[in-house]
Structures are given as C-alpha cells and as structure tokens.
$ cat coords-v8.txt   # compact mmCIF, C-alpha atoms
# COMPACT_ATOMS: atom_id res chain seq x y z
CA MET C 23 167.79 225.52 137.84
CA ILE C 24 165.13 226.49 140.38
CA GLU C 25 166.49 227.71 143.71
CA THR C 26 165.09 226.34 146.96
CA SER C 27 163.63 228.66 149.59
CA GLN C 28 166.77 228.19 151.70
CA GLN C 29 168.99 229.19 148.77
CA ILE C 30 166.81 232.24 148.14
CA ASP C 31 167.05 233.27 151.81
CA THR C 32 170.82 232.85 151.68
CA ARG C 33 171.02 234.98 148.55
CA LEU C 34 168.89 237.70 150.16
CA ASP C 35 171.11 237.66 153.25
CA GLU C 36 174.18 238.04 151.02
CA LEU C 37 172.64 240.95 149.13
CA ASP C 38 171.78 242.58 152.45
CA LEU C 39 175.41 242.19 153.55
CA VAL C 40 176.56 243.74 150.27
CA GLN C 41 174.46 246.83 150.92
CA LYS C 42 175.74 247.03 154.50
CA LEU C 43 179.31 246.77 153.23
CA LYS C 44 178.72 249.55 150.70
CA ASP C 45 177.42 251.81 153.48
CA ALA C 46 180.22 250.75 155.83
CA HIS C 47 182.80 251.44 153.10
CA LYS C 48 181.80 255.10 152.96
CA ARG C 49 181.77 255.37 156.74
CA LEU C 50 185.18 253.70 157.02
CA LEU C 51 186.80 256.19 154.66
CA GLN C 52 185.06 259.12 156.38
CA GLU C 53 186.08 257.88 159.83
CA ALA C 54 189.68 257.28 158.73
CA THR C 55 190.05 260.89 157.57
CA LYS C 56 189.91 261.94 161.24
CA VAL C 57 193.49 260.70 161.68
CA VAL C 58 194.77 259.62 158.23
CA TYR C 59 195.00 262.19 155.46
CA GLY C 60 195.32 261.61 151.71
CA GLN C 61 195.63 257.81 151.85
CA GLU C 62 192.07 256.74 150.98
CA GLU C 63 193.16 254.49 148.11
CA THR C 64 195.74 252.68 150.26
CA LEU C 65 193.18 252.13 153.02
CA GLU C 66 190.67 250.80 150.49
CA PHE C 67 193.15 248.26 149.16
CA MET C 68 193.96 247.18 152.72
CA LEU C 69 190.23 246.62 153.31
CA ILE C 70 189.95 244.66 150.05
CA SER C 71 192.82 242.44 151.16
CA MET C 72 191.13 241.79 154.50
CA LEU C 73 187.91 240.78 152.71
CA CYS C 74 189.92 238.36 150.52
CA LYS C 75 191.96 236.90 153.41
CA GLY C 76 195.07 238.34 151.78
CA HIS C 77 198.17 240.18 153.00
CA VAL C 78 199.66 243.54 152.04
CA LEU C 79 203.21 244.78 151.47
CA LEU C 80 203.54 248.54 151.98
CA LEU C 81 206.41 250.39 150.31
CA GLY C 82 207.02 253.89 151.60
CA LEU C 83 209.46 256.31 153.16
CA PRO C 84 209.52 256.85 156.93
CA GLY C 85 206.91 259.18 158.37
CA LEU C 86 204.17 258.61 155.79
CA GLY C 87 201.75 257.02 158.25
CA LYS C 88 202.03 253.32 157.43
CA THR C 89 201.81 252.26 161.08
CA LEU C 90 199.02 254.76 161.71
CA MET C 91 196.99 253.38 158.80
CA ALA C 92 197.34 249.82 160.08
CA ASN C 93 196.35 250.79 163.61
CA THR C 94 193.43 252.90 162.35
CA LEU C 95 192.10 250.04 160.21
CA ALA C 96 192.31 247.67 163.18
CA GLN C 97 190.33 250.07 165.37
CA MET C 98 187.60 250.57 162.76
CA LEU C 99 187.27 246.80 162.23
CA SER C 100 187.47 245.94 165.96
CA LEU C 101 190.58 243.81 165.41
CA ASP C 102 193.41 242.91 167.77
CA PHE C 103 196.47 244.80 166.51
CA CYS C 104 200.13 244.01 167.07
CA ARG C 105 203.25 245.69 165.68
CA ILE C 106 206.45 243.67 165.36
CA GLN C 107 209.65 245.65 164.78
CA PHE C 108 211.83 243.44 162.58
CA THR C 109 215.51 243.69 163.48
CA PRO C 110 218.61 241.62 162.56
CA ASP C 111 218.59 239.83 165.94
CA LEU C 112 214.88 238.89 165.83
CA MET C 113 214.34 235.13 166.17
CA PRO C 114 211.43 233.04 164.78
CA SER C 115 210.24 232.27 168.31
CA ASP C 116 209.97 236.01 168.96
CA ILE C 117 207.19 236.02 166.35
CA THR C 118 205.43 232.68 166.76
CA GLY C 119 205.91 232.06 170.47
CA THR C 120 207.70 229.25 172.28
CA ASP C 121 207.26 226.39 174.75
CA VAL C 122 208.35 227.08 178.33
CA ILE C 123 208.56 224.86 181.40
CA GLU C 124 206.34 226.00 184.24
CA GLU C 125 206.22 224.61 187.76
CA ASP C 126 202.92 224.19 189.56
CA ALA C 127 203.26 225.99 192.90
CA GLU C 128 200.91 223.55 194.66
CA THR C 129 202.07 220.18 193.32
CA GLY C 130 205.63 221.04 192.39
CA ARG C 131 205.17 219.32 189.03
CA ARG C 132 206.58 220.81 185.92
CA LYS C 133 204.67 221.02 182.67
CA ARG C 134 205.24 222.37 179.21
CA GLN C 135 203.28 225.53 178.43
CA PHE C 136 203.04 227.34 175.08
CA LEU C 137 203.37 231.11 175.25
CA GLN C 138 201.80 232.76 172.23
CA GLY C 139 203.87 235.22 170.23
CA PRO C 140 202.66 238.47 168.66
CA ILE C 141 201.60 236.61 165.49
CA PHE C 142 198.46 235.59 167.43
CA SER C 143 196.65 238.81 166.57
CA ASN C 144 194.08 239.68 163.92
CA LEU C 145 196.14 242.38 162.25
CA VAL C 146 199.92 242.02 162.43
CA LEU C 147 202.19 244.85 161.30
CA ALA C 148 205.59 243.46 160.29
CA ASP C 149 207.53 246.71 160.38
CA GLU C 150 210.60 246.86 158.11
CA ILE C 151 210.31 243.16 157.33
CA ASN C 152 213.47 243.18 155.20
CA ARG C 153 215.66 244.03 158.20
CA THR C 154 215.50 240.53 159.63
CA PRO C 155 217.35 237.44 158.26
CA PRO C 156 215.57 234.93 155.96
CA LYS C 157 215.24 232.39 158.80
CA THR C 158 213.01 234.78 160.72
CA GLN C 159 211.19 235.98 157.60
CA ALA C 160 210.31 232.35 156.92
CA ALA C 161 208.48 232.18 160.26
CA LEU C 162 205.73 234.19 158.59
CA LEU C 163 205.30 231.89 155.60
CA GLN C 164 203.18 229.20 157.25
CA ALA C 165 201.12 231.78 159.13
CA MET C 166 200.39 233.77 155.96
CA GLN C 167 199.50 230.74 153.85
CA GLU C 168 197.78 228.40 156.29
CA HIS C 169 196.74 230.73 159.16
CA ASN C 170 198.46 228.53 161.71
CA VAL C 171 201.92 227.99 163.20
CA SER C 172 203.77 224.82 164.17
CA ILE C 173 205.86 224.66 167.34
CA GLY C 174 207.54 221.32 167.80
CA ARG C 175 204.89 218.68 167.14
CA GLN C 176 201.96 220.98 167.87
CA THR C 177 200.10 223.15 165.38
CA TYR C 178 198.20 226.19 166.67
CA SER C 179 195.48 227.98 164.73
CA LEU C 180 195.60 231.75 164.47
CA ASP C 181 192.69 233.97 165.39
CA GLU C 182 190.38 234.91 162.51
CA PRO C 183 190.29 237.18 160.68
CA PHE C 184 194.06 237.31 160.19
CA MET C 185 196.12 239.60 157.99
CA VAL C 186 199.78 240.59 157.78
CA LEU C 187 200.75 244.13 156.80
CA ALA C 188 204.47 244.31 156.09
CA THR C 189 206.41 247.53 155.48
CA GLN C 190 209.63 248.18 153.59
CA ASN C 191 211.73 251.32 153.33
CA PRO C 192 212.58 251.62 149.60
CA ILE C 193 215.69 253.81 149.99
CA GLU C 194 217.57 252.45 153.00
CA MET C 195 219.24 249.27 151.78
CA GLU C 196 222.16 248.86 154.21
CA GLY C 197 221.61 246.05 156.70
CA THR C 198 218.62 244.64 154.83
CA TYR C 199 217.79 241.23 153.43
CA VAL C 200 215.96 240.83 150.13
CA LEU C 201 212.59 239.13 150.58
CA PRO C 202 212.49 235.71 148.85
CA GLU C 203 210.23 235.55 145.79
CA ALA C 204 208.21 232.79 147.51
CA GLN C 205 207.36 235.16 150.35
CA LEU C 206 206.69 238.13 148.06
CA ASP C 207 204.21 235.98 146.13
CA ARG C 208 202.19 235.41 149.29
CA PHE C 209 201.32 239.08 149.53
CA MET C 210 198.09 239.83 147.71
CA PHE C 211 198.93 243.49 147.14
CA CYS C 212 202.05 245.61 147.01
CA LEU C 213 201.07 249.23 147.70
CA LYS C 214 203.20 252.33 147.27
CA VAL C 215 202.60 254.91 150.00
CA LYS C 216 203.35 258.31 148.49
CA TYR C 217 203.98 261.76 149.89
CA PRO C 218 200.81 263.70 150.77
CA ASN C 219 199.97 266.82 148.79
CA GLN C 220 200.43 270.19 150.48
CA GLU C 221 196.80 270.51 151.60
CA ASP C 222 196.87 267.05 153.19
CA GLU C 223 200.19 267.83 154.86
CA VAL C 224 198.71 271.03 156.30
CA ALA C 225 195.88 268.91 157.75
CA ILE C 226 198.40 266.41 159.14
CA VAL C 227 200.41 269.12 160.90
CA ARG C 228 197.26 270.83 162.22
CA GLY C 229 195.81 267.55 163.52
CA THR C 230 198.95 266.23 165.19
CA THR C 231 200.38 269.32 166.87
CA GLY C 232 197.37 270.46 168.89
CA LYS C 233 195.93 269.43 172.23
CA ILE C 234 192.95 267.53 170.86
CA GLN C 235 193.82 264.06 169.54
CA SER C 236 191.23 262.50 167.23
CA HIS C 237 190.19 258.87 167.49
CA VAL C 238 188.15 256.60 165.24
CA ASP C 239 185.07 254.55 166.06
CA GLU C 240 184.36 250.89 165.34
CA ILE C 241 182.44 250.43 162.09
CA ILE C 242 182.46 246.67 161.44
CA GLY C 243 182.95 243.79 163.88
CA LYS C 244 184.89 240.54 163.53
CA GLU C 245 181.79 238.42 162.93
CA GLU C 246 180.64 240.66 160.08
CA ILE C 247 184.08 240.50 158.50
CA ALA C 248 183.98 236.69 158.58
CA LYS C 249 180.58 236.72 156.85
CA LEU C 250 181.78 239.20 154.24
CA GLN C 251 184.85 237.07 153.53
CA SER C 252 182.48 234.24 152.71
CA VAL C 253 180.30 236.51 150.55
CA VAL C 254 183.33 237.56 148.48
CA ARG C 255 183.76 233.95 147.41
CA SER C 256 180.08 233.83 146.39
CA VAL C 257 180.28 236.71 143.90
CA PRO C 258 179.78 235.23 140.41
CA VAL C 259 182.41 235.80 137.72
CA SER C 260 182.02 234.85 134.06
CA ASP C 261 184.49 232.56 132.34
CA GLU C 262 185.24 235.44 129.98
CA LEU C 263 186.50 237.60 132.84
CA ILE C 264 188.50 234.74 134.33
CA ARG C 265 190.17 234.26 130.94
CA TYR C 266 190.86 237.99 130.81
CA ALA C 267 192.61 237.88 134.19
CA VAL C 268 194.65 234.87 133.12
CA GLN C 269 195.51 236.64 129.85
CA LEU C 270 196.87 239.65 131.75
CA VAL C 271 199.04 237.43 133.95
CA ALA C 272 200.22 235.30 131.02
CA ALA C 273 201.34 238.48 129.23
CA THR C 274 203.93 239.05 131.97
CA ARG C 275 205.71 235.76 131.22
CA VAL C 276 208.54 235.16 128.79
CA GLU C 277 209.94 231.91 130.17
CA ASN C 278 208.92 228.32 129.51
CA GLY C 279 208.26 228.97 125.85
CA SER C 280 205.63 231.64 126.50
CA ASN C 281 205.73 234.25 123.74
CA SER C 282 204.51 237.52 125.18
CA SER C 283 203.37 239.99 122.56
CA ILE C 284 204.30 242.96 124.79
CA GLU C 285 207.63 244.37 123.65
CA MET C 286 208.50 245.78 127.10
CA VAL C 287 207.92 242.37 128.69
CA GLN C 288 210.27 240.68 126.23
CA LYS C 289 212.85 243.38 126.81
CA TYR C 290 212.81 243.88 130.58
CA VAL C 291 211.14 240.93 132.37
CA ALA C 292 213.17 237.93 133.51
CA HIS C 293 210.28 236.05 135.17
CA GLY C 294 206.57 236.79 135.13
CA ALA C 295 203.77 236.41 137.66
CA SER C 296 202.61 233.07 139.07
CA PRO C 297 199.06 231.63 138.89
CA ARG C 298 198.49 233.09 142.34
CA ALA C 299 198.35 236.48 140.59
CA SER C 300 195.37 235.31 138.51
CA GLN C 301 193.60 234.15 141.65
CA TYR C 302 194.18 237.46 143.41
CA LEU C 303 193.05 239.47 140.38
CA ILE C 304 189.68 237.73 140.53
CA LEU C 305 189.36 237.83 144.32
CA GLY C 306 190.37 241.50 144.43
CA ALA C 307 187.89 242.33 141.67
CA LYS C 308 185.12 240.55 143.60
CA ALA C 309 185.83 242.55 146.75
CA LYS C 310 186.10 245.76 144.72
CA ALA C 311 182.66 245.09 143.25
CA LEU C 312 181.16 244.47 146.69
CA LEU C 313 182.58 247.74 148.03
CA ASN C 314 180.75 249.48 145.19
CA GLY C 315 177.51 247.70 146.08
CA ARG C 316 177.55 245.28 143.13
CA PHE C 317 177.15 241.51 143.27
CA HIS C 318 178.87 241.03 139.92
CA VAL C 319 182.38 241.70 138.59
CA SER C 320 183.29 243.94 135.68
CA LYS C 321 186.46 244.03 133.60
CA ASN C 322 187.23 247.43 135.11
CA ASP C 323 187.30 245.88 138.59
CA ILE C 324 190.10 243.57 137.44
CA ARG C 325 192.02 246.41 135.81
CA GLU C 326 191.79 248.59 138.94
CA VAL C 327 193.54 245.98 141.13
CA ALA C 328 196.06 244.86 138.49
CA GLN C 329 198.92 247.20 139.44
CA ALA C 330 198.76 246.28 143.13
CA VAL C 331 198.54 242.55 142.38
CA LEU C 332 201.28 242.36 139.76
CA ARG C 333 203.98 244.92 140.60
CA HIS C 334 205.84 242.78 143.17
CA ARG C 335 205.48 239.59 141.12
CA LEU C 336 207.51 240.73 138.11
CA ILE C 337 211.21 239.92 138.35
CA LEU C 338 212.98 242.41 136.12
CA ASN C 339 216.37 241.95 134.44
CA PHE C 340 219.47 244.15 134.60
CA ARG C 341 218.49 246.01 131.47
CA SER C 342 215.41 247.41 133.21
CA LYS C 343 217.62 249.02 135.87
CA ALA C 344 219.93 250.45 133.23
CA ASP C 345 216.98 251.95 131.32
CA LYS C 346 215.18 252.99 134.55
CA VAL C 347 212.05 250.99 133.74
CA ASP C 348 209.97 249.73 136.66
CA ALA C 349 207.20 247.16 137.00
CA ASP C 350 204.43 249.77 137.04
CA GLN C 351 205.41 251.01 133.58
CA ILE C 352 205.41 247.47 132.21
CA ILE C 353 202.02 246.68 133.74
CA SER C 354 200.59 249.89 132.28
CA HIS C 355 201.76 248.79 128.82
CA ILE C 356 200.13 245.39 129.34
CA LEU C 357 196.83 247.00 130.37
CA ASN C 358 196.95 249.32 127.36
CA ASP C 359 197.68 246.41 125.01
CA ILE C 360 195.12 243.98 126.45
CA LYS C 361 191.72 245.65 126.76
$ encode --input "coords-v8.txt" --output "structure tokens"
Amino acid sequence: MIETSQQIDTRLDELDLVQKLKDAHKRLLQEATKVVYGQEETLEFMLISMLCKGHVLLLGLPGLGKTLMANTLAQMLSLDFCRIQFTPDLMPSDITGTDVIEEDAETGRRKRQFLQGPIFSNLVLADEINRTPPKTQAALLQAMQEHNVSIGRQTYSLDEPFMVLATQNPIEMEGTYVLPEAQLDRFMFCLKVKYPNQEDEVAIVRGTTGKIQSHVDEIIGKEEIAKLQSVVRSVPVSDELIRYAVQLVAATRVENGSNSSIEMVQKYVAHGASPRASQYLILGAKAKALLNGRFHVSKNDIREVAQAVLRHRLILNFRSKADKVDADQIISHILNDIK
C-alpha cells in the first residue's frame, strides 16, 4: 500500500517525537537524581504508565520516597499534582467533590454549584489506599477507567493527562481493607519500592540534611505528553508478539479448563491474570520501545514489563503462603518456561 504525503508527514512527525522522547528520557532520569536516589527503574515504569494512560500501585515501606517520586515526576512533566491521604473516615465526596448550594449576593437567588475534589488533578497520589473502606476506594474506579466522575446526574471529565499513583504499606495490616480484585486489575503496574543501597542512602542523607535543597526542572509539557500517548498506540506490533503476550498471560490461568504447563502455576495459583494483562503487556512494551528510541517492539520489551504487569493479577492459594512462594517467583518460572 502506497502512503499519501499526509501519511508520510504524520509518520515523520511521529519519528521526530520518538527521538525527542528518547532524549527527554535520559534528561528525566538525570534530573530526577537531583532529589531521588536509586529509584531509576521505578521512575521509568511510572513514566511508561503515563505514556500508556495507565495507573501504578506502589508497594513499599514508609520513608522510601514514594511521595517524593510522584511529586518529582509531576514537576518534570509540568503536571498538576495532588496527594490524598486515605483514612478510615474518608468519604467518596472527599475525593470526587460535591454539589453545594450557593447564594448570589446581588440577586439573593440560590444555585447549585459543583466543587471539584482533589481527583481533578493530572497526577493523583492515593496514599495508603488500603486504609479507607471499599465504598471510598470504589470512588476511584470510574475515574481510573473512564477518566471522568459522576455526581448526581452530571458527569465531569477529568483533566488530561490523568494518572493515579496509589501506595500501600506491605507490613502494617491493622486497620486496612484489602483492595478488591476489580480495582487491582485497573492498575497497569504494581511496583515494589526497595531499600536503597548504602551509597544511595549516603547521598539521600547528604542531600536532605543540608541547607541547599535541590529542585528539578520541567522536561516535557502536557501537550507533548498527549501527543506521545497517541504515538504509543501507533507503534506497530506483529501478530507473533501479540500471541506471545497472550501466551504468557494464559500460562497464569488454571481455571475454566485451562491446562497450564507450568508446575508452579498448577500448584500455587488460584486465579490467573485477566485479558487486561495482555493489553498492558503490549502497551507497556510499546512505550518501553519508544523510550529506547525504537518504533518497533521486541520480545524483550514484553518480558521486561511482565513482572510489573502480572504480579498483582495473580491470586495465590493458601499453599503458596505455607510454602512462602510469591507471585514474582511464579512469573519468573513462566518467563523461563516460555521464551
């Protein structure tokens, strides 16, 4: 098929954006190191999620810089940032906003006015999301899936780009509510924030206990992000790679008559990943390729995002807890078995 001149121009513009993104990727990681130490991989996955219009669940102990990473990313991408502290008494209207009755001082007439909640930001940090009851957690579902919220009979669109970063403390379980599987499945990635090594911790202490406080500069604007989100969808992927992604996801399933060939899956998995996992494997691989300056996807791109896409989508049985087997180990076996 012969491309028209307009299609050729569009393709050239996309390739130009890919090169700009590759350059911006390096600058973003360099800029982030001014205030965030030893978390380059986590920041990269957060950027990938933004390019794919996805959301991220961060698992990590207190004090590891989860809030700092979110705020730093927002500054570098010129995004409106809002942090919501989830507590047991938080109500849905505290997140989405509510209708109030206002009186016009001149006419004396009353009218209904919608006051926007903190969800009307580009980058929303849902801090300790599992500390609030399911009713309030559910207030995020529509926003995460459809990028809008409904109040009464009115539906309000959220500002674009929009992404939710939710945090969970993996050791403090008292007074928490387990996230429903339906909500977990809406997160593109689940990332584990680990302790820094000693050299990084030295840099953290040095940078945060002195008089001079570092700040980061804007690297990419909102309009560029919107264009790049469109470019991600344009990256071509072969049917062979799509089948490979589906094969990886199918290997996690043992229900509905699916016969997984992975022994660990048969032994420890109660329910496998949904088709949304296959979609996110491909989208994540596309964004990963763009960050590396490529306008095509490789099998390695899919494998590199597999852990983050799948780990929160596997529902393990009691035997896995007894044998101290986690989702990461099972996914590693799947990746070793299916190459």
$ residues_around --input "coords-v8.txt" --residues "Phe184 in chain C" --least-positions-apart "5" --cutoff "10 Å" --atoms "all atoms listed in the file" --output "VMD selection string"
chain C and resid 72 75 to 77 101 to 102 141 to 146 165 to 166 169 to 170
$ closest_residue --input "coords-v8.txt" --among "C:Val254, C:Val331, C:Leu95, C:Ile352" --to "Arg316 in chain C" --atoms "all atoms listed in the file"
C:Val254
$ closest_atom_pairs --input "coords-v8.txt" --of "range 173-204 of chain C" --to "range 152-160 of chain C" --cutoff "7 Å" --atoms "all atoms listed in the file" --output "JSON lines"
{"residue": "C:Gln190", "atom": "CA", "partner": "C:Asn152", "partner_atom": "CA", "distance": 6.5}
{"residue": "C:Gly197", "atom": "CA", "partner": "C:Arg153", "partner_atom": "CA", "distance": 6.5}
{"residue": "C:Thr198", "atom": "CA", "partner": "C:Arg153", "partner_atom": "CA", "distance": 4.5}
{"residue": "C:Tyr199", "atom": "CA", "partner": "C:Asn152", "partner_atom": "CA", "distance": 5.1}
{"residue": "C:Val200", "atom": "CA", "partner": "C:Asn152", "partner_atom": "CA", "distance": 6.1}
{"residue": "C:Leu201", "atom": "CA", "partner": "C:Asn152", "partner_atom": "CA", "distance": 6.2}
$ residues_around --input "coords-v8.txt" --residues "Asp345 in chain C" --least-positions-apart "6" --cutoff "12 Å" --atoms "all atoms listed in the file" --output "NGL selection string"
:C and (286 or 289-290 or 338-339 or 351)
$ axis_aligned_box --input "coords-v8.txt" --around "range 332-336 of chain C" --padding-each-side "6 Å" --output "JSON"
{"center_x": 204.4, "center_y": 242.3, "center_z": 140.6, "size_x": 18.2, "size_y": 17.3, "size_z": 17.1}
$ residues_around --input "coords-v8.txt" --residues "Ala328 in chain C" --least-positions-apart "2" --cutoff "9 Å" --atoms "only C-alpha atoms" --output "PDB file with C-alpha atoms, keeping the file's coordinate frame"
ATOM      1  CA  ALA C 267     192.610 237.880 134.190  1.00  0.00           C
ATOM      2  CA  LEU C 270     196.870 239.650 131.750  1.00  0.00           C
ATOM      3  CA  ALA C 299     198.350 236.480 140.590  1.00  0.00           C
ATOM      4  CA  LEU C 303     193.050 239.470 140.380  1.00  0.00           C
ATOM      5  CA  GLY C 306     190.370 241.500 144.430  1.00  0.00           C
ATOM      6  CA  ASP C 323     187.300 245.880 138.590  1.00  0.00           C
ATOM      7  CA  ILE C 324     190.100 243.570 137.440  1.00  0.00           C
ATOM      8  CA  ARG C 325     192.020 246.410 135.810  1.00  0.00           C
ATOM      9  CA  GLU C 326     191.790 248.590 138.940  1.00  0.00           C
ATOM     10  CA  ALA C 330     198.760 246.280 143.130  1.00  0.00           C
ATOM     11  CA  VAL C 331     198.540 242.550 142.380  1.00  0.00           C
ATOM     12  CA  LEU C 332     201.280 242.360 139.760  1.00  0.00           C
ATOM     13  CA  ARG C 333     203.980 244.920 140.600  1.00  0.00           C
ATOM     14  CA  ILE C 353     202.020 246.680 133.740  1.00  0.00           C
ATOM     15  CA  LEU C 357     196.830 247.000 130.370  1.00  0.00           C
TER      16      LEU C 357
END
$ closest_residue --input "coords-v8.txt" --among "C:Gln138, C:Leu250, C:Arg341, C:Val171" --to "Asp116 in chain C" --atoms "all atoms listed in the file"
C:Gln138
$ atom_distance --input "coords-v8.txt" --atom1 "CA of Leu147 in chain C" --atom2 "CA of Ile106 in chain C"
6.0 Å
$ residues_around --input "coords-v8.txt" --residues "range 239-249 of chain C" --least-positions-apart "4" --cutoff "6 Å" --atoms "all atoms listed in the file" --output "PyMOL selection string"
chain C and resi 98-100
$ atom_distance --input "coords-v8.txt" --atom1 "CA of Glu125 in chain C" --atom2 "CA of Leu137 in chain C"
14.4 Å
$ closest_residue --input "coords-v8.txt" --among "C:Lys42, C:Arg255, C:Lys346, C:Lys214" --to "Ala307 in chain C" --atoms "only C-alpha atoms"
C:Arg255
$ atom_distance --input "coords-v8.txt" --atom1 "CA of Ser172 in chain C" --atom2 "CA of Leu69 in chain C"
27.9 Å
$ residues_around --input "coords-v8.txt" --residues "Leu263 in chain C" --least-positions-apart "3" --cutoff "12 Å" --atoms "only C-alpha atoms" --output "list in words"
Pro258, Val259, Ser260, Tyr266, Ala267, Val268, Gln269, Leu270, Ser300, Gln301, Leu303, Ile304, Leu305, Ala307, Lys308, His318, Val319, Ser320, Lys321, Asn322, Asp323, Ile324, Arg325 and Lys361 of chain C
$ closest_residue --input "coords-v8.txt" --among "C:Ala344, C:Glu223, C:Tyr217, C:Ile284" --to "Ile360 in chain C" --atoms "all atoms listed in the file"
C:Ile284
$ closest_residue --input "coords-v8.txt" --among "C:Val57, C:Leu73, C:Ala225, C:Leu163" --to "Glu182 in chain C" --atoms "all atoms listed in the file"
C:Leu73
$ closest_residue --input "coords-v8.txt" --among "C:Leu312, C:Val58, C:Ile337, C:Leu213" --to "Gly294 in chain C" --atoms "all atoms listed in the file"
C:Ile337
